[in-house]
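Here the structure comes first, spelled out in structure tokens, and everything after it is commentary.
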Amino acid sequence: MAMGNWRAERQPPLWVATSELAAPPGHPFYQQVNEVLRKHGFDRFVEGLCQKFYAPKMGRPSIPPGVYFRMLLIGYFEGIDSERGIAWRAADSIALRHFLGYDLTERPPDHSTLSRTRRLLDLETHQEVFIWVLAVLAKEGVLKGKTLGVDATTLEANAALRSIVRRETGESYNEFLERLAKASGIETPRRADLAKLDRKRPGKGSNDDWEHPHDPEAEVTKMKDGRTHLSHKAEHATDMASGAVVAVTLSGGAEGDTHTLPRTLQEAARNLREVARDPEAKKHLSEKPGSEVVTDKGYHSNETCLRLRAKGIRSYISEPERGRRNWRGKAKERGAVYANRRRIRGKRGRGLLRKRGELLERGFAHVYDRGGMRRLRLRGRANILKRLLVHVGGFNLSVALRKLIGCGTPKGLGGRPFGVFGAVLELVWACRRAATALLRGPSRRILVSAAARPTAVAA
């Protein structure tokens with residue numbers, strides 16, 4: 001056989017018995033995920049929850065609810081942002097077929113079936129699945145819920161800023177500028193004339209005047225890197241004991257932190273109450289869930305401190321520099337602000353603020369940057385929140401898996417040492433850290449430069 005012609009001359013067999021097909025074992029990480037889901041009765045739970053959305057006799061061939069939610073979990077674990085990419089990855093990987101329960105002779109669901117199922121299942125069903133994952137964390141002794149850290153981030157919408165239109169007239173941005181130019185006396189405005197006219201015009205990007213025709217809920221927002229985009233704002237309430245996300249809310253990208261905080265805390269309190277209905281989960285929860293809130297200075301205001309104090313919630317909110325303040329006629333506000341100031345200056349307050357930055361930023365990095373949701377592929381706040389709830393539910397599931405198997409993602413499992421040799425490597429590395437901590441001066445620098453961390457070997 002000539003080199004390079006083996007593909008052309010090779011003839012595959014016409015019939016292959018299914019018993020002769022290679023059936024390699026599934027991925028060990030996804031096997032552990034399925035084991036956790038099976039242990040807590042996930043498929044039975046979602047089938048009962050989604051029974052009302054399925055026709056008893058007729059209708060389009062559908063996918064089981066357990067398969068649908070597992071595919072969305074794959075989106076988080078594999079870092080895939082689009083449903084089309086999730087469907088392609090599930091069809092391509094034998095390990096993911098095994099995770100979903102499909103044989104080699106069966107075809108996994110395509111992206112249109114996945115999208116249609118998402119549209120048919122309502123938002124409340126996805127919220128119930130999110131709460132179910134929280135209950136799993138509570139039963140495993142991970143979730144406590146006493147102290148909550150709150151922070152928000154912006155997600156770039158699936159809408160171009162150049163496509164916005166006026167709310168009252170429906171005209172595009174260029175058409176609006178041309179009308180202004182003609183009204184100012186320029187009969188045939190050029191591009192340079194429009195740019196000059198628009199350069200210093202006040203309020204030119206106001207959300208009260210402009211909207212996107214296909215995603216009207218997205219808002220014009222200035223991002224942290226200085227760019228301006230249409231975006232949505234995702235806000236998390238995170239358990240400070242475990243790092244698990246207790247509540248997720250979605251609002252307009254330009255909405256202020258002080259306005260969205262009450263809605264997020266209300267959602268977190270509702271979720272914790274639902275989790276506490278399970279007697280086994282309630283045993284591990286705090287006696288006063290949500291009794292402490294830790295946030296950054298963007299949430300600080302007189303009304304916020306006063307509102308939290310009235311609800312019996314201890315606030316640890318970083319206070320911005322505002323100079324000397326006039327408290328005349330604001331005795332209650334002054335008491336709430338001063339009480340918050342005393343707490344953040346204490347030892348516990350400083351520790352909570354440091355921990356808040358670590359836990360919440362790490363959660364954002366896992367869910368949106370590595371998880372592939374920083375740039376949205378869906379439109380409509382309800383649609384986005386459906387995907388986001390299961391996506392963050394995958395992050396919460398990874399928090400429980402870190403306790404059970406020591407890692408929360410397939411990539412993390414691949415880098416862990418296993419067996420006796422792995423235990424020896426971990427022991428050697430622990431001894432090296434202890435010796436480095438004891439040594440001081442030049443001898444420490446020589447040890448650190450000479451010793452190399454052992455390479456992790458995966459079985």
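Chain lettering (A, B, ...) mirrors the order of the structure tokens, residue numbering begins at 1 for each chain separately, and ligand numbering begins at 1 in order of display.
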
Would you tabulate, counting only C-alpha atoms, all residues of segment 142-173 of chain A that have an atom at most 12 Å from an atom of segment 384-390 of chain A, showing the closest pair of atoms and their distance in Å to one decimal, sorted by chain then ascending number, as JSON lines?
```
{"residue": "A:Leu155", "atom": "CA", "partner": "A:Ile384", "partner_atom": "CA", "distance": 10.4}
{"residue": "A:Glu156", "atom": "CA", "partner": "A:Ile384", "partner_atom": "CA", "distance": 11.6}
{"residue": "A:Ala157", "atom": "CA", "partner": "A:Ile384", "partner_atom": "CA", "distance": 9.7}
{"residue": "A:Asn158", "atom": "CA", "partner": "A:Ile384", "partner_atom": "CA", "distance": 10.3}
```

Worksheet item: Residues at most 12 Å from Val246 of chain A, counting only C-alpha atoms, excluding those fewer than 6 positions away in the same chain, as a PyMOL selection string?
Response: chain A and resi 127+130-135+137-138+143-150+235-240+264-275+289-290+360+363+389+392-393+395-396

For the residues in the current selection, export N, CA and C atoms as a short mmCIF file (atom, residue, chain, number, x, y, z; two decimals), in the first residue's frame.
```cif
data_model
loop_
_atom_site.label_atom_id
_atom_site.label_comp_id
_atom_site.auth_asym_id
_atom_site.auth_seq_id
_atom_site.Cartn_x
_atom_site.Cartn_y
_atom_site.Cartn_z
N GLN A 127 -35.41 27.74 38.51
CA GLN A 127 -35.11 28.17 39.87
C GLN A 127 -35.22 27.01 40.85
N PHE A 130 -32.09 25.06 40.66
CA PHE A 130 -31.01 25.79 41.35
C PHE A 130 -31.12 25.57 42.87
N ILE A 131 -32.33 25.62 43.40
CA ILE A 131 -32.54 25.40 44.84
C ILE A 131 -32.22 23.96 45.20
N TRP A 132 -32.53 23.01 44.32
CA TRP A 132 -32.22 21.61 44.59
C TRP A 132 -30.72 21.42 44.76
N VAL A 133 -29.92 22.07 43.92
CA VAL A 133 -28.46 21.97 44.06
C VAL A 133 -28.00 22.57 45.39
N LEU A 134 -28.62 23.68 45.80
CA LEU A 134 -28.29 24.26 47.11
C LEU A 134 -28.61 23.28 48.24
N ALA A 135 -29.72 22.56 48.10
CA ALA A 135 -30.07 21.57 49.13
C ALA A 135 -29.04 20.44 49.18
N LEU A 137 -25.85 20.80 48.58
CA LEU A 137 -24.71 21.36 49.31
C LEU A 137 -24.97 21.38 50.81
N ALA A 138 -26.21 21.69 51.19
CA ALA A 138 -26.54 21.70 52.61
C ALA A 138 -26.49 20.30 53.20
N LEU A 143 -22.93 24.04 52.70
CA LEU A 143 -23.62 25.33 52.77
C LEU A 143 -24.01 25.65 54.20
N LYS A 144 -23.72 26.90 54.63
CA LYS A 144 -24.11 27.38 55.96
C LYS A 144 -25.13 28.50 55.86
N GLY A 145 -24.86 29.53 55.07
CA GLY A 145 -25.85 30.56 54.78
C GLY A 145 -25.98 31.68 55.77
N LYS A 146 -25.12 31.75 56.81
CA LYS A 146 -25.28 32.82 57.79
C LYS A 146 -24.80 34.15 57.24
N THR A 147 -23.58 34.19 56.70
CA THR A 147 -22.98 35.42 56.19
C THR A 147 -22.97 35.38 54.67
N LEU A 148 -23.54 36.40 54.03
CA LEU A 148 -23.64 36.46 52.58
C LEU A 148 -22.80 37.62 52.05
N GLY A 149 -22.02 37.34 51.03
CA GLY A 149 -21.29 38.38 50.31
C GLY A 149 -21.99 38.69 49.00
N VAL A 150 -22.18 39.96 48.71
CA VAL A 150 -22.93 40.37 47.51
C VAL A 150 -22.03 41.19 46.61
N GLU A 235 -25.95 39.70 39.48
CA GLU A 235 -25.59 39.94 40.87
C GLU A 235 -25.69 38.63 41.64
N HIS A 236 -24.64 38.33 42.43
CA HIS A 236 -24.56 37.10 43.19
C HIS A 236 -24.63 37.39 44.68
N ALA A 237 -25.32 36.53 45.42
CA ALA A 237 -25.24 36.47 46.87
C ALA A 237 -24.54 35.17 47.21
N THR A 238 -23.35 35.27 47.79
CA THR A 238 -22.47 34.12 47.99
C THR A 238 -22.34 33.79 49.47
N ASP A 239 -22.40 32.51 49.79
CA ASP A 239 -22.18 32.05 51.15
C ASP A 239 -20.70 32.20 51.49
N MET A 240 -20.40 32.98 52.53
CA MET A 240 -19.02 33.27 52.86
C MET A 240 -18.32 32.10 53.52
N THR A 264 -31.76 41.11 45.42
CA THR A 264 -30.88 39.95 45.56
C THR A 264 -30.96 39.33 46.95
N LEU A 265 -31.01 40.17 47.99
CA LEU A 265 -31.14 39.64 49.34
C LEU A 265 -32.48 38.96 49.56
N GLN A 266 -33.52 39.50 48.96
CA GLN A 266 -34.84 38.86 49.05
C GLN A 266 -34.82 37.49 48.37
N GLU A 267 -34.17 37.40 47.22
CA GLU A 267 -34.07 36.12 46.52
C GLU A 267 -33.24 35.12 47.32
N ALA A 268 -32.17 35.60 47.96
CA ALA A 268 -31.34 34.71 48.77
C ALA A 268 -32.11 34.19 49.98
N ALA A 269 -32.89 35.07 50.63
CA ALA A 269 -33.69 34.63 51.78
C ALA A 269 -34.74 33.60 51.36
N ARG A 270 -35.35 33.80 50.20
CA ARG A 270 -36.36 32.84 49.72
C ARG A 270 -35.72 31.49 49.43
N ASN A 271 -34.55 31.50 48.79
CA ASN A 271 -33.88 30.23 48.47
C ASN A 271 -33.46 29.48 49.73
N LEU A 272 -32.96 30.21 50.72
CA LEU A 272 -32.55 29.55 51.97
C LEU A 272 -33.76 28.99 52.72
N ARG A 273 -34.89 29.68 52.65
CA ARG A 273 -36.10 29.13 53.27
C ARG A 273 -36.53 27.85 52.57
N GLU A 274 -36.44 27.82 51.25
CA GLU A 274 -36.82 26.61 50.52
C GLU A 274 -35.87 25.45 50.86
N VAL A 275 -34.59 25.74 50.99
CA VAL A 275 -33.64 24.69 51.35
C VAL A 275 -33.93 24.16 52.75
N PRO A 289 -29.94 32.19 58.95
CA PRO A 289 -29.41 32.37 57.59
C PRO A 289 -29.62 33.79 57.08
N GLY A 290 -28.61 34.32 56.43
CA GLY A 290 -28.69 35.66 55.86
C GLY A 290 -28.70 36.77 56.89
N LEU A 360 -15.86 36.13 46.02
CA LEU A 360 -16.75 36.58 44.96
C LEU A 360 -16.02 36.74 43.63
N GLY A 363 -15.51 33.36 42.22
CA GLY A 363 -16.74 32.82 41.65
C GLY A 363 -17.06 33.42 40.30
N LEU A 389 -29.06 30.31 35.69
CA LEU A 389 -29.34 29.58 36.94
C LEU A 389 -28.73 28.19 36.92
N VAL A 392 -24.80 28.55 37.02
CA VAL A 392 -24.30 28.78 38.38
C VAL A 392 -24.56 27.55 39.25
N GLY A 393 -25.64 26.82 38.96
CA GLY A 393 -25.87 25.56 39.66
C GLY A 393 -24.73 24.58 39.43
N PHE A 395 -21.63 25.50 38.96
CA PHE A 395 -20.56 26.00 39.82
C PHE A 395 -20.77 25.55 41.26
N ASN A 396 -22.02 25.62 41.76
CA ASN A 396 -22.31 25.16 43.11
C ASN A 396 -22.05 23.67 43.26
#
```

Worksheet entry | Residues flagged strand (DSSP E or B) by DSSP in segment 253-426 of chain A, as a list in words |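 Matching residues, listed in order: Glu292, Val293, Val294, Thr295, Arg314, Ser315, Tyr316, Ile317 and Arg375 of chain A.
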
Take the residues that were just selected and, keeping C-alpha atoms, output them as a short mmCIF file (atom, residue, chain, number, x, y, z; two decimals), in the first residue's frame.
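The result, written out as again.cif:
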```cif
data_model
loop_
_atom_site.label_atom_id
_atom_site.label_comp_id
_atom_site.auth_asym_id
_atom_site.auth_seq_id
_atom_site.Cartn_x
_atom_site.Cartn_y
_atom_site.Cartn_z
CA GLU A 292 -24.94 39.17 57.93
CA VAL A 293 -24.20 40.90 54.61
CA VAL A 294 -20.76 41.85 53.26
CA THR A 295 -20.48 44.17 50.23
CA ARG A 314 -25.66 43.11 60.35
CA SER A 315 -23.99 44.98 57.51
CA TYR A 316 -20.28 45.01 56.66
CA ILE A 317 -20.21 47.52 53.80
CA ARG A 375 -20.42 37.23 26.36
#
```

I need the residues of segment 294-357 of chain A that end up classed as alpha helix (DSSP H) by DSSP on the backbone, written out as a compact mmCIF listing (two decimals) with C-alpha atoms, in the first residue's frame.
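Heads up, here's the output in result-v4.txt:
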```txt
# COMPACT_ATOMS: atom_id res chain seq x y z
CA ASN A 302 -27.73 55.87 54.14
CA GLU A 303 -30.84 54.09 52.90
CA THR A 304 -29.04 50.76 52.48
CA CYS A 305 -27.57 50.80 56.00
CA LEU A 306 -30.90 51.87 57.48
CA ARG A 307 -32.89 49.25 55.55
CA LEU A 308 -30.56 46.41 56.59
CA ARG A 309 -30.63 47.53 60.21
CA ALA A 310 -34.43 47.62 60.20
CA ALA A 331 -30.37 60.57 63.51
CA LYS A 332 -31.49 57.09 62.41
CA GLU A 333 -29.33 57.15 59.30
CA ARG A 334 -26.34 58.32 61.32
CA GLY A 335 -26.78 55.49 63.83
CA ALA A 336 -26.96 52.86 61.07
CA VAL A 337 -23.93 54.27 59.21
CA TYR A 338 -21.82 54.58 62.37
CA ALA A 339 -22.71 51.04 63.46
CA ASN A 340 -21.61 49.73 60.07
CA ARG A 341 -18.39 51.78 60.35
CA ARG A 342 -17.55 50.26 63.74
CA ARG A 343 -18.08 46.75 62.41
CA ILE A 344 -15.88 47.12 59.30
CA ARG A 345 -13.05 48.56 61.42
CA LYS A 347 -11.03 42.42 63.34
CA ARG A 348 -13.96 40.33 62.08
CA GLY A 349 -15.06 43.05 59.68
CA ARG A 350 -11.61 43.41 58.10
CA GLY A 351 -11.37 39.64 57.71
CA LEU A 352 -14.80 39.40 56.07
CA LEU A 353 -14.01 42.19 53.61
CA ARG A 354 -10.77 40.47 52.57
CA LYS A 355 -12.58 37.15 52.22
CA ARG A 356 -15.39 38.77 50.22
CA GLY A 357 -12.98 39.94 47.56
```

Worksheet entry | Residue among A:Lys282, A:Ser251, A:Tyr68, A:Ala195 lying closest to Arg119 of chain A, counting only C-alpha atoms |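 Among the listed residues, the smallest separation from Arg119 of chain A belongs to A:Tyr68.
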
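For the pair atom CA of Glu128 of chain A and atom CA of Tyr299 of chain A, the interatomic distance is 28.4 Å.
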
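Rounded to one decimal, atom CA of His284 of chain A and atom CA of Lys139 of chain A lie 6.8 Å from each other.
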
Discussion item. So that I can see what lies close to segment 42-58 of chain A, please list as a list in words the residues with an atom at most 9 Å from it, counting only C-alpha atoms and leaving out residues fewer than 2 positions away in the same chain.
Written reply: Val36, Leu37, Arg38, Lys39, His40, Arg60, Pro61, Ser62, Pro64, Pro65, Gly66, Val67, Phe69, Leu120, Leu121, Thr125, Glu128, Val129 and Trp132 of chain A

Practice prompt. Fewer than 5 positions away in the same chain doesn't count, so skip those; otherwise give me all residues within 9 Å of Ala400 of chain A, counting only C-alpha atoms, as a list in words.
Written response: Val136, Leu137, Glu140, Gly141, Val142, Leu143, Ala244, Ile405 and Gly408 of chain A

Those same residues, written as an mmCIF file, in the first residue's frame with C-alpha atoms?
```
data_model
loop_
_atom_site.group_PDB
_atom_site.id
_atom_site.type_symbol
_atom_site.label_atom_id
_atom_site.label_comp_id
_atom_site.auth_asym_id
_atom_site.auth_seq_id
_atom_site.Cartn_x
_atom_site.Cartn_y
_atom_site.Cartn_z
ATOM 1 C CA VAL A 136 -27.442 19.046 47.999
ATOM 2 C CA LEU A 137 -24.712 21.361 49.312
ATOM 3 C CA GLU A 140 -23.269 17.429 52.332
ATOM 4 C CA GLY A 141 -22.457 19.926 55.095
ATOM 5 C CA VAL A 142 -21.002 22.547 52.728
ATOM 6 C CA LEU A 143 -23.623 25.327 52.767
ATOM 7 C CA ALA A 244 -21.403 28.705 46.970
ATOM 8 C CA ILE A 405 -13.281 14.220 45.413
ATOM 9 C CA GLY A 408 -14.589 20.720 40.848
#
```

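Contact shell of segment 105-108 of chain A at 9 Å (only C-alpha atoms; same-chain neighbours under 5 positions omitted): A:Thr18, A:Ile63, A:Ala87, A:Ala90, A:Ala91, A:Arg97, A:Leu100.
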
Worksheet item: Which one of A:Ala192, A:Ala218, A:Cys431, A:Met373 sits closest to Leu177 of chain A if you count only C-alpha atoms?
Response: A:Ala192

Worksheet item: Which one is closest to Arg381 of chain A: A:Gly243, A:Gly406, A:Gly323, A:Pro216? Count only C-alpha atoms.
Response: A:Pro216

Worksheet item: atom CA of Ala160 of chain A and atom CA of Ala254 of chain A, how far apart in Å?
Response: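 For atom CA of Ala254 of chain A relative to atom CA of Ala160 of chain A, the distance reads 16.2 Å.
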